[in-house]
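Since the structure comes first, as structure tokens, the remarks are kept for the end.
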Amino acid sequence: QLVESGGGLVQDGGSLKLSCKAPRMITSEYNSKIINWYRQAPGNQREWVASITRGGDRNYADTVKGRFTISRDNARKTVYLQMGSLKPDDTGTYYCNFNSGGIDYWGQGTQVTVSS
């Protein structure tokens with residue numbers, strides 16, 4: 001349902017832009033969903049990073065507020081996560097997610113590594 005991309009290796013203070021696409025979803029269905037970004041570092045629980053509603057309302061975890069920006073292009077069925085001022089603590093696998101009918105749907109994740 002969801003396909004993430006854009007991860008990679010970046011130095012401390014660098015930037016990356018992640019994408020989350022839903023190629024097989026009906027556009028109207030995708031556009032009705034709140035889309036979330038989560039991340040998981042090795043040995044840690046998956047944590048919520050940011051969310052965007054169909055109308056473009058955004059929310060962020062305190063750890064990324066002011067550094068990350070979530071956006072969506074409904075015509076392309078794509079949600080982006082622009083990450084700036086990256087820190088080693090931002091290292092992890094980043095997943096996008098939505099909930100439908102009480103079921104969580106996840107992509108396969110994209111790896112982000114921030115070197116110090």
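Ligands are numbered from 1 in the order shown, chains are lettered A, B, ... in the order of the structure tokens, and residues start at 1 in each chain.
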
Using only C-alpha atoms, what table do you get, as a Markdown table, when you list each residue of stretch 2-25 of chain A with an atom no more than 8 Å from stretch 71-86 of chain A, its nearest pair of atoms, and their distance in Å rounded to one decimal, rows by chain then rising number?
```
| residue | atom | partner | partner_atom | distance |
| --- | --- | --- | --- | --- |
| A:Gln11 | CA | A:Leu86 | CA | 7.7 |
| A:Asp12 | CA | A:Leu86 | CA | 5.6 |
| A:Gly13 | CA | A:Ser85 | CA | 4.2 |
| A:Gly14 | CA | A:Leu86 | CA | 5.4 |
| A:Ser15 | CA | A:Gly84 | CA | 4.4 |
| A:Leu16 | CA | A:Met83 | CA | 5.2 |
| A:Lys17 | CA | A:Gln82 | CA | 4.4 |
| A:Leu18 | CA | A:Leu81 | CA | 5.0 |
| A:Ser19 | CA | A:Tyr80 | CA | 4.6 |
| A:Cys20 | CA | A:Val79 | CA | 5.1 |
| A:Lys21 | CA | A:Thr78 | CA | 4.5 |
| A:Ala22 | CA | A:Lys77 | CA | 5.8 |
| A:Pro23 | CA | A:Lys77 | CA | 7.2 |
```

Kindly save the residues from that selection, with all heavy atoms included, as a PDB file, in the first residue's frame.
```
ATOM      1  N   GLN A  11      25.602  13.632   6.809  1.00  0.00           N
ATOM      2  CA  GLN A  11      26.387  14.096   7.951  1.00  0.00           C
ATOM      3  C   GLN A  11      25.530  14.902   8.921  1.00  0.00           C
ATOM      4  O   GLN A  11      24.474  15.456   8.551  1.00  0.00           O
ATOM      5  CB  GLN A  11      27.549  14.948   7.462  1.00  0.00           C
ATOM      6  CG  GLN A  11      28.638  14.146   6.756  1.00  0.00           C
ATOM      7  CD  GLN A  11      29.872  14.986   6.475  1.00  0.00           C
ATOM      8  OE1 GLN A  11      29.786  16.201   6.317  1.00  0.00           O
ATOM      9  NE2 GLN A  11      31.026  14.336   6.408  1.00  0.00           N
ATOM     10  N   ASP A  12      26.001  14.971  10.130  1.00  0.00           N
ATOM     11  CA  ASP A  12      25.383  15.791  11.164  1.00  0.00           C
ATOM     12  C   ASP A  12      25.140  17.203  10.617  1.00  0.00           C
ATOM     13  O   ASP A  12      26.053  17.821  10.080  1.00  0.00           O
ATOM     14  CB  ASP A  12      26.311  15.835  12.374  1.00  0.00           C
ATOM     15  CG  ASP A  12      25.665  16.405  13.612  1.00  0.00           C
ATOM     16  OD1 ASP A  12      24.539  16.952  13.526  1.00  0.00           O
ATOM     17  OD2 ASP A  12      26.294  16.330  14.684  1.00  0.00           O
ATOM     18  N   GLY A  13      23.893  17.684  10.749  1.00  0.00           N
ATOM     19  CA  GLY A  13      23.550  19.001  10.240  1.00  0.00           C
ATOM     20  C   GLY A  13      23.008  19.012   8.830  1.00  0.00           C
ATOM     21  O   GLY A  13      22.549  20.041   8.334  1.00  0.00           O
ATOM     22  N   GLY A  14      23.031  17.858   8.176  1.00  0.00           N
ATOM     23  CA  GLY A  14      22.579  17.759   6.797  1.00  0.00           C
ATOM     24  C   GLY A  14      21.068  17.652   6.667  1.00  0.00           C
ATOM     25  O   GLY A  14      20.324  17.746   7.647  1.00  0.00           O
ATOM     26  N   SER A  15      20.638  17.445   5.414  1.00  0.00           N
ATOM     27  CA  SER A  15      19.207  17.380   5.101  1.00  0.00           C
ATOM     28  C   SER A  15      18.897  16.179   4.217  1.00  0.00           C
ATOM     29  O   SER A  15      19.764  15.701   3.473  1.00  0.00           O
ATOM     30  CB  SER A  15      18.780  18.648   4.360  1.00  0.00           C
ATOM     31  OG  SER A  15      18.996  19.797   5.125  1.00  0.00           O
ATOM     32  N   LEU A  16      17.675  15.714   4.334  1.00  0.00           N
ATOM     33  CA  LEU A  16      17.140  14.670   3.458  1.00  0.00           C
ATOM     34  C   LEU A  16      15.663  14.915   3.269  1.00  0.00           C
ATOM     35  O   LEU A  16      15.006  15.490   4.144  1.00  0.00           O
ATOM     36  CB  LEU A  16      17.330  13.274   4.062  1.00  0.00           C
ATOM     37  CG  LEU A  16      18.686  12.575   3.966  1.00  0.00           C
ATOM     38  CD1 LEU A  16      18.654  11.269   4.757  1.00  0.00           C
ATOM     39  CD2 LEU A  16      19.084  12.321   2.521  1.00  0.00           C
ATOM     40  N   LYS A  17      15.138  14.446   2.136  1.00  0.00           N
ATOM     41  CA  LYS A  17      13.697  14.520   1.899  1.00  0.00           C
ATOM     42  C   LYS A  17      13.175  13.125   1.599  1.00  0.00           C
ATOM     43  O   LYS A  17      13.599  12.492   0.627  1.00  0.00           O
ATOM     44  CB  LYS A  17      13.375  15.455   0.735  1.00  0.00           C
ATOM     45  CG  LYS A  17      11.884  15.689   0.543  1.00  0.00           C
ATOM     46  CD  LYS A  17      11.633  16.738  -0.522  1.00  0.00           C
ATOM     47  CE  LYS A  17      10.154  17.070  -0.639  1.00  0.00           C
ATOM     48  NZ  LYS A  17       9.909  18.138  -1.646  1.00  0.00           N
ATOM     49  N   LEU A  18      12.286  12.659   2.453  1.00  0.00           N
ATOM     50  CA  LEU A  18      11.673  11.343   2.283  1.00  0.00           C
ATOM     51  C   LEU A  18      10.345  11.476   1.558  1.00  0.00           C
ATOM     52  O   LEU A  18       9.649  12.484   1.692  1.00  0.00           O
ATOM     53  CB  LEU A  18      11.453  10.680   3.637  1.00  0.00           C
ATOM     54  CG  LEU A  18      12.654  10.589   4.579  1.00  0.00           C
ATOM     55  CD1 LEU A  18      12.255   9.829   5.848  1.00  0.00           C
ATOM     56  CD2 LEU A  18      13.833   9.930   3.902  1.00  0.00           C
ATOM     57  N   SER A  19      10.003  10.420   0.829  1.00  0.00           N
ATOM     58  CA  SER A  19       8.724  10.367   0.124  1.00  0.00           C
ATOM     59  C   SER A  19       7.962   9.120   0.529  1.00  0.00           C
ATOM     60  O   SER A  19       8.560   8.066   0.777  1.00  0.00           O
ATOM     61  CB  SER A  19       8.935  10.345  -1.394  1.00  0.00           C
ATOM     62  OG  SER A  19       9.584  11.503  -1.839  1.00  0.00           O
ATOM     63  N   CYS A  20       6.663   9.236   0.554  1.00  0.00           N
ATOM     64  CA  CYS A  20       5.776   8.108   0.844  1.00  0.00           C
ATOM     65  C   CYS A  20       4.693   8.110  -0.220  1.00  0.00           C
ATOM     66  O   CYS A  20       3.871   9.027  -0.252  1.00  0.00           O
ATOM     67  CB  CYS A  20       5.179   8.256   2.239  1.00  0.00           C
ATOM     68  SG  CYS A  20       3.815   7.130   2.584  1.00  0.00           S
ATOM     69  N   LYS A  21       4.705   7.096  -1.055  1.00  0.00           N
ATOM     70  CA  LYS A  21       3.747   7.022  -2.151  1.00  0.00           C
ATOM     71  C   LYS A  21       2.794   5.856  -1.945  1.00  0.00           C
ATOM     72  O   LYS A  21       3.148   4.851  -1.313  1.00  0.00           O
ATOM     73  CB  LYS A  21       4.476   6.853  -3.488  1.00  0.00           C
ATOM     74  CG  LYS A  21       5.396   8.005  -3.814  1.00  0.00           C
ATOM     75  CD  LYS A  21       6.051   7.835  -5.174  1.00  0.00           C
ATOM     76  CE  LYS A  21       6.963   9.011  -5.477  1.00  0.00           C
ATOM     77  NZ  LYS A  21       7.599   8.903  -6.810  1.00  0.00           N
ATOM     78  N   ALA A  22       1.613   5.992  -2.519  1.00  0.00           N
ATOM     79  CA  ALA A  22       0.600   4.950  -2.429  1.00  0.00           C
ATOM     80  C   ALA A  22       0.122   4.612  -3.838  1.00  0.00           C
ATOM     81  O   ALA A  22      -0.981   4.984  -4.238  1.00  0.00           O
ATOM     82  CB  ALA A  22      -0.554   5.403  -1.566  1.00  0.00           C
ATOM     83  N   PRO A  23       0.962   3.927  -4.598  1.00  0.00           N
ATOM     84  CA  PRO A  23       0.672   3.745  -6.025  1.00  0.00           C
ATOM     85  C   PRO A  23      -0.589   2.951  -6.333  1.00  0.00           C
ATOM     86  O   PRO A  23      -1.190   3.140  -7.395  1.00  0.00           O
ATOM     87  CB  PRO A  23       1.921   3.021  -6.542  1.00  0.00           C
ATOM     88  CG  PRO A  23       2.516   2.373  -5.351  1.00  0.00           C
ATOM     89  CD  PRO A  23       2.219   3.282  -4.198  1.00  0.00           C
TER      90      PRO A  23
END
```

For this session: Taking the chain letters and numbering used in this document, name the residues of chain A that DSSP puts in strand (DSSP E or B), as a ChimeraX atom specification.
Result: /A:3-5,8-11,16-21,35-40,47-52,58-60,68-73,78-83,92-100,103-106,110-115

Kindly provide the residues of stretch 96-115 of chain A that approach stretch 47-70 of chain A to within 12 Å, each paired with its closest atom pair and their distance in Å to one decimal, based on only C-alpha atoms, listed by chain and increasing number, as a tab-separated table.
```
residue	atom	partner	partner_atom	distance
A:Cys96	CA	A:Ser51	CA	9.4
A:Asn97	CA	A:Ser51	CA	9.3
A:Phe98	CA	A:Ser51	CA	9.5
A:Asn99	CA	A:Ser51	CA	11.9
```

Exercise. Per DSSP on the backbone, what are the helix (DSSP H, G or I) residues of chain A, as a ChimeraX atom specification?
Worked result: /A:27-31,74-76,88-90

Exercise. Skipping near chain neighbours, those fewer than 5 positions away, what residues fall within 12 Å of A:Gln45 using only C-alpha atoms, listed as a list in words?
Worked result: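 My reading of the contact set: Tyr38, Arg39, Gln40, Gly92 and Thr93 of chain A.
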
Save the residues we just selected, C-alpha atoms, as a PDB file, in the first residue's frame?
```pdb
ATOM      1  CA  TYR A  38       7.253   7.046  12.303  1.00  0.00           C
ATOM      2  CA  ARG A  39      10.843   6.018  12.914  1.00  0.00           C
ATOM      3  CA  GLN A  40      12.592   3.212  14.698  1.00  0.00           C
ATOM      4  CA  GLY A  92      16.692   4.968  12.121  1.00  0.00           C
ATOM      5  CA  THR A  93      14.276   3.370   9.724  1.00  0.00           C
TER       6      THR A  93
END
```

Spatial neighbours of stretch 100-103 of chain A, 12 Å, only C-alpha atoms, chain gap at least 2 places, as a PDB file with C-alpha atoms, in the first residue's frame:
```
ATOM      1  CA  GLN A   1       0.000   0.000   0.000  1.00  0.00           C
ATOM      2  CA  GLU A  29      -9.240   7.078  -0.530  1.00  0.00           C
ATOM      3  CA  TYR A  30      -5.629   8.122  -0.081  1.00  0.00           C
ATOM      4  CA  SER A  32      -9.024  11.116   2.901  1.00  0.00           C
ATOM      5  CA  LYS A  33      -6.380   9.635   5.191  1.00  0.00           C
ATOM      6  CA  ILE A  34      -4.239  11.133   7.902  1.00  0.00           C
ATOM      7  CA  ILE A  35      -0.719  10.078   6.950  1.00  0.00           C
ATOM      8  CA  ASN A  97       1.531   4.828   7.983  1.00  0.00           C
ATOM      9  CA  PHE A  98      -2.198   5.307   7.849  1.00  0.00           C
ATOM     10  CA  TYR A 105      -0.940  -0.003   7.144  1.00  0.00           C
ATOM     11  CA  TRP A 106       2.810   0.415   6.862  1.00  0.00           C
TER      12      TRP A 106
END
```

Determine, counting only C-alpha atoms, which protein, DNA and RNA residues have an atom within 8 Å of an atom of A:Gln108; residues of the same chain fewer than 6 positions away are not included. Present the result as a compact mmCIF listing (two decimals) with C-alpha atoms, in the first residue's frame.
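Output contents, as saved in around_39.txt:
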```txt
# COMPACT_ATOMS: atom_id res chain seq x y z
CA LEU A 2 2.77 2.44 0.92
CA VAL A 3 6.26 2.85 -0.50
CA GLU A 4 8.89 4.99 1.21
CA TYR A 95 8.04 4.42 7.97
```

Problem set entry | Residue nearest A:Val10 among A:Asn31, A:Gly107, A:Pro88, A:Tyr94 (counting only C-alpha atoms) | A:Pro88

For this session: Quote the spacing between atom CA of A:Thr91 and atom CA of A:Met25 in Å to one decimal place.
Result: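 Here the two named atoms are 29.2 Å from each other.
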
For this session: Tell me which of A:Ser28, A:Gly43, A:Trp37, A:Leu9 sits closest to A:Ser116, counting only C-alpha atoms.
Result: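 Closest residue, counting only C-alpha atoms: A:Leu9.
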
For this session: Determine the nearest neighbour of A:Pro42 from the options A:Asp89, A:Ser5, A:Asp104, A:Thr27, counting only C-alpha atoms.
Result: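 The shortest atom-to-atom distance to A:Pro42 comes from A:Asp89.
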
Problem set entry | Exercise: A:Gly7 partners within 6 Å, only C-alpha atoms, chain neighbours under 5 positions left out, as a list in words | Thr110, Gln111 and Val112 of chain A
